[in-house]
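Presented below is the structure to which this report refers.
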Amino acid sequence: LSVSYFEKALYELADEDVTAEKIQVLADDVERNIQGGLGPRPLLSVPHIISDEASCYYHAYVLAEMCVHQTRAFILERDGYIVDNPSVGPTLTNAYWKYGNERNFLDLVHELTGRELSGEAWVSELEKGTEQLLQEELEDYAKAIEETKNKASSESKEEEEEPDLNMTIRFVDGDVLISDSSKGGVLKACKEFESYVLTKISD
């Protein structure tokens with residue numbers, strides 16, 4: 001955001017005000033106003049600002065970030081989850097990617113989410129306190145683990161055909177032999193490995 005605000009203010013300067021001293025003061029003022037103080041990386045060290053072919057790139061970055069949060073919020077509202085959601089790929093492909101540059105970006109966002117592009121979803125994330133954010137992440141993580149276990153349990157009940165790979169597969173973790181397909185088959189070895197991983201990530 002700081003780069004975008006600085007570029008806007010810079011291009012609005014009168015010609016007689018475009019001096020090294022005034023540009024430095026302007027950059028410092030933008031950092032204080034947007035970031036709350038001077039940052040560890042000065043604004044004028046950002047190469048986009050001093051490279052004519054990259055000027056205003058950061059405005060596009062901000063628009064893209066707004067789009068990401070608005071699209072995530074839409075999918076979460078529609079489906080309830082994003083990770084391992086098989087509808088996410090087709091949704092993004094059909095709504096955004098397949099058009100390339102032939103459609104207006106703002107129109108695509110509006111058509112998918114039903115809203116004009118705004119910073120509302122992004123700001124709502126930024127407004128969350130650390131404790132609230134950690135709690136939500138922990139709840140989402142626990143939910144994902146439980147769903148993975150349920151899926152694994154459901155799939156284990158389905159009848160599967162043992163593949164004939166004409167080979168032996170061993171799953172190892174360092175020096176630990178987790179499973180060996182020569183002792184019960186490939187599917188049994190895979191299930192033992194899956195159980196091992198689920199136990200590890202739930203600890």
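Identifiers in the structure tokens: chain A, B, ... in order shown; residue index from 1 per chain; ligand index from 1 in order shown.
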
Can you list, as a PyMOL selection string, every protein, DNA or RNA residue that comes within 10 Å of stretch 69-83 of chain A when you count only C-alpha atoms, leaving out same-chain residues fewer than 6 positions away? chain A and resi 91-92+109-110+112-125+140+144

Include N, CA and C atoms and write out the residues we just selected as a PDB file, in the first residue's frame.
```pdb
ATOM      1  N   THR A  91     -13.620 -23.485 -10.616  1.00  0.00           N
ATOM      2  CA  THR A  91     -14.175 -22.151 -10.388  1.00  0.00           C
ATOM      3  C   THR A  91     -13.228 -21.072 -10.890  1.00  0.00           C
ATOM      4  N   LEU A  92     -11.957 -21.164 -10.509  1.00  0.00           N
ATOM      5  CA  LEU A  92     -10.982 -20.163 -10.926  1.00  0.00           C
ATOM      6  C   LEU A  92     -10.732 -20.224 -12.433  1.00  0.00           C
ATOM      7  N   VAL A 109     -14.291 -10.280 -11.602  1.00  0.00           N
ATOM      8  CA  VAL A 109     -14.448 -10.381 -10.144  1.00  0.00           C
ATOM      9  C   VAL A 109     -15.907 -10.204  -9.756  1.00  0.00           C
ATOM     10  N   HIS A 110     -16.563  -9.239 -10.367  1.00  0.00           N
ATOM     11  CA  HIS A 110     -17.967  -8.978 -10.051  1.00  0.00           C
ATOM     12  C   HIS A 110     -18.853 -10.153 -10.456  1.00  0.00           C
ATOM     13  N   LEU A 112     -18.059 -13.330 -10.699  1.00  0.00           N
ATOM     14  CA  LEU A 112     -17.877 -14.491  -9.844  1.00  0.00           C
ATOM     15  C   LEU A 112     -18.435 -14.260  -8.445  1.00  0.00           C
ATOM     16  N   THR A 113     -18.044 -13.172  -7.821  1.00  0.00           N
ATOM     17  CA  THR A 113     -18.380 -12.963  -6.411  1.00  0.00           C
ATOM     18  C   THR A 113     -19.718 -12.269  -6.198  1.00  0.00           C
ATOM     19  N   GLY A 114     -20.258 -11.662  -7.269  1.00  0.00           N
ATOM     20  CA  GLY A 114     -21.520 -10.940  -7.124  1.00  0.00           C
ATOM     21  C   GLY A 114     -21.356  -9.573  -6.496  1.00  0.00           C
ATOM     22  N   ARG A 115     -20.104  -9.125  -6.336  1.00  0.00           N
ATOM     23  CA  ARG A 115     -19.836  -7.818  -5.720  1.00  0.00           C
ATOM     24  C   ARG A 115     -18.781  -7.075  -6.525  1.00  0.00           C
ATOM     25  N   GLU A 116     -18.873  -5.752  -6.476  1.00  0.00           N
ATOM     26  CA  GLU A 116     -17.804  -4.943  -7.065  1.00  0.00           C
ATOM     27  C   GLU A 116     -16.529  -5.183  -6.262  1.00  0.00           C
ATOM     28  N   LEU A 117     -15.387  -5.109  -6.928  1.00  0.00           N
ATOM     29  CA  LEU A 117     -14.121  -5.303  -6.228  1.00  0.00           C
ATOM     30  C   LEU A 117     -13.949  -4.243  -5.150  1.00  0.00           C
ATOM     31  N   SER A 118     -13.638  -4.691  -3.947  1.00  0.00           N
ATOM     32  CA  SER A 118     -13.413  -3.768  -2.838  1.00  0.00           C
ATOM     33  C   SER A 118     -12.396  -4.377  -1.885  1.00  0.00           C
ATOM     34  N   GLY A 119     -11.969  -3.592  -0.929  1.00  0.00           N
ATOM     35  CA  GLY A 119     -11.011  -4.071   0.062  1.00  0.00           C
ATOM     36  C   GLY A 119     -11.669  -4.650   1.304  1.00  0.00           C
ATOM     37  N   GLU A 120     -12.994  -4.809   1.270  1.00  0.00           N
ATOM     38  CA  GLU A 120     -13.735  -5.224   2.465  1.00  0.00           C
ATOM     39  C   GLU A 120     -13.231  -6.553   3.039  1.00  0.00           C
ATOM     40  N   ALA A 121     -13.091  -7.574   2.185  1.00  0.00           N
ATOM     41  CA  ALA A 121     -12.664  -8.886   2.679  1.00  0.00           C
ATOM     42  C   ALA A 121     -11.240  -8.836   3.214  1.00  0.00           C
ATOM     43  N   TRP A 122     -10.379  -8.079   2.549  1.00  0.00           N
ATOM     44  CA  TRP A 122      -8.986  -7.942   2.980  1.00  0.00           C
ATOM     45  C   TRP A 122      -8.914  -7.227   4.325  1.00  0.00           C
ATOM     46  N   VAL A 123      -9.654  -6.140   4.443  1.00  0.00           N
ATOM     47  CA  VAL A 123      -9.649  -5.362   5.685  1.00  0.00           C
ATOM     48  C   VAL A 123     -10.185  -6.189   6.852  1.00  0.00           C
ATOM     49  N   SER A 124     -11.204  -7.003   6.593  1.00  0.00           N
ATOM     50  CA  SER A 124     -11.770  -7.822   7.675  1.00  0.00           C
ATOM     51  C   SER A 124     -10.730  -8.805   8.213  1.00  0.00           C
ATOM     52  N   GLU A 125      -9.825  -9.273   7.340  1.00  0.00           N
ATOM     53  CA  GLU A 125      -8.743 -10.144   7.793  1.00  0.00           C
ATOM     54  C   GLU A 125      -7.730  -9.358   8.618  1.00  0.00           C
ATOM     55  N   ASP A 140      -9.737 -24.531  12.204  1.00  0.00           N
ATOM     56  CA  ASP A 140      -9.715 -25.013  10.823  1.00  0.00           C
ATOM     57  C   ASP A 140      -8.791 -26.214  10.682  1.00  0.00           C
ATOM     58  N   ALA A 144      -9.855 -29.993   9.587  1.00  0.00           N
ATOM     59  CA  ALA A 144      -9.245 -30.660   8.433  1.00  0.00           C
ATOM     60  C   ALA A 144      -8.704 -32.032   8.809  1.00  0.00           C
TER      61      ALA A 144
END
```

Any chance you could list, as an MDAnalysis selection string, the residues in stretch 52-187 of chain A that come up strand (DSSP E) when DSSP is run on the backbone? chainID A and resid 170:173 176:180

Identify which of the residues A:Tyr57, A:Val186, A:Asp29, A:Thr199 lies closest to A:Leu165, counting only C-alpha atoms when measuring atom-to-atom distances.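 Closest to A:Leu165 of all the choices is A:Val186.
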
Applying 12 Å and only C-alpha atoms, which residues near A:Lys149 remain after dropping the ones on its own chain fewer than 5 positions away? List them as a PyMOL selection string. chain A and resi 142-144+154-156+191+194-199+201-202

Report the distance between atom CA of A:Met66 and atom CA of A:Leu126 in Å, rounded to one decimal place.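 Calculated distance between atom CA of A:Met66 and atom CA of A:Leu126 is 12.0 Å.
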
Rounded to one decimal place, report the atom CA of A:Tyr11-atom CA of A:Asn33 distance in Å.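 Atom CA of A:Asn33 lies 17.9 Å from atom CA of A:Tyr11.
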
Can you check which residues of stretch 39-172 of chain A DSSP gives as helix (DSSP H, G or I) on the backbone and send them as a PyMOL selection string? chain A and resi 43-45+47-50+52-54+57-79+88-95+97-99+105-113+120-126+130-157

Using only C-alpha atoms, which residues sit within 12 Å of A:Val46 once same-chain residues fewer than 5 positions away are excluded, as a ChimeraX atom specification? /A:2-4,6-7,27,39-41,51,54-58

Just the number, please: distance in Å from atom CA of A:Gly184 to atom CA of A:Glu162, one decimal.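 Separating atom CA of A:Gly184 from atom CA of A:Glu162 is a distance of 10.1 Å.
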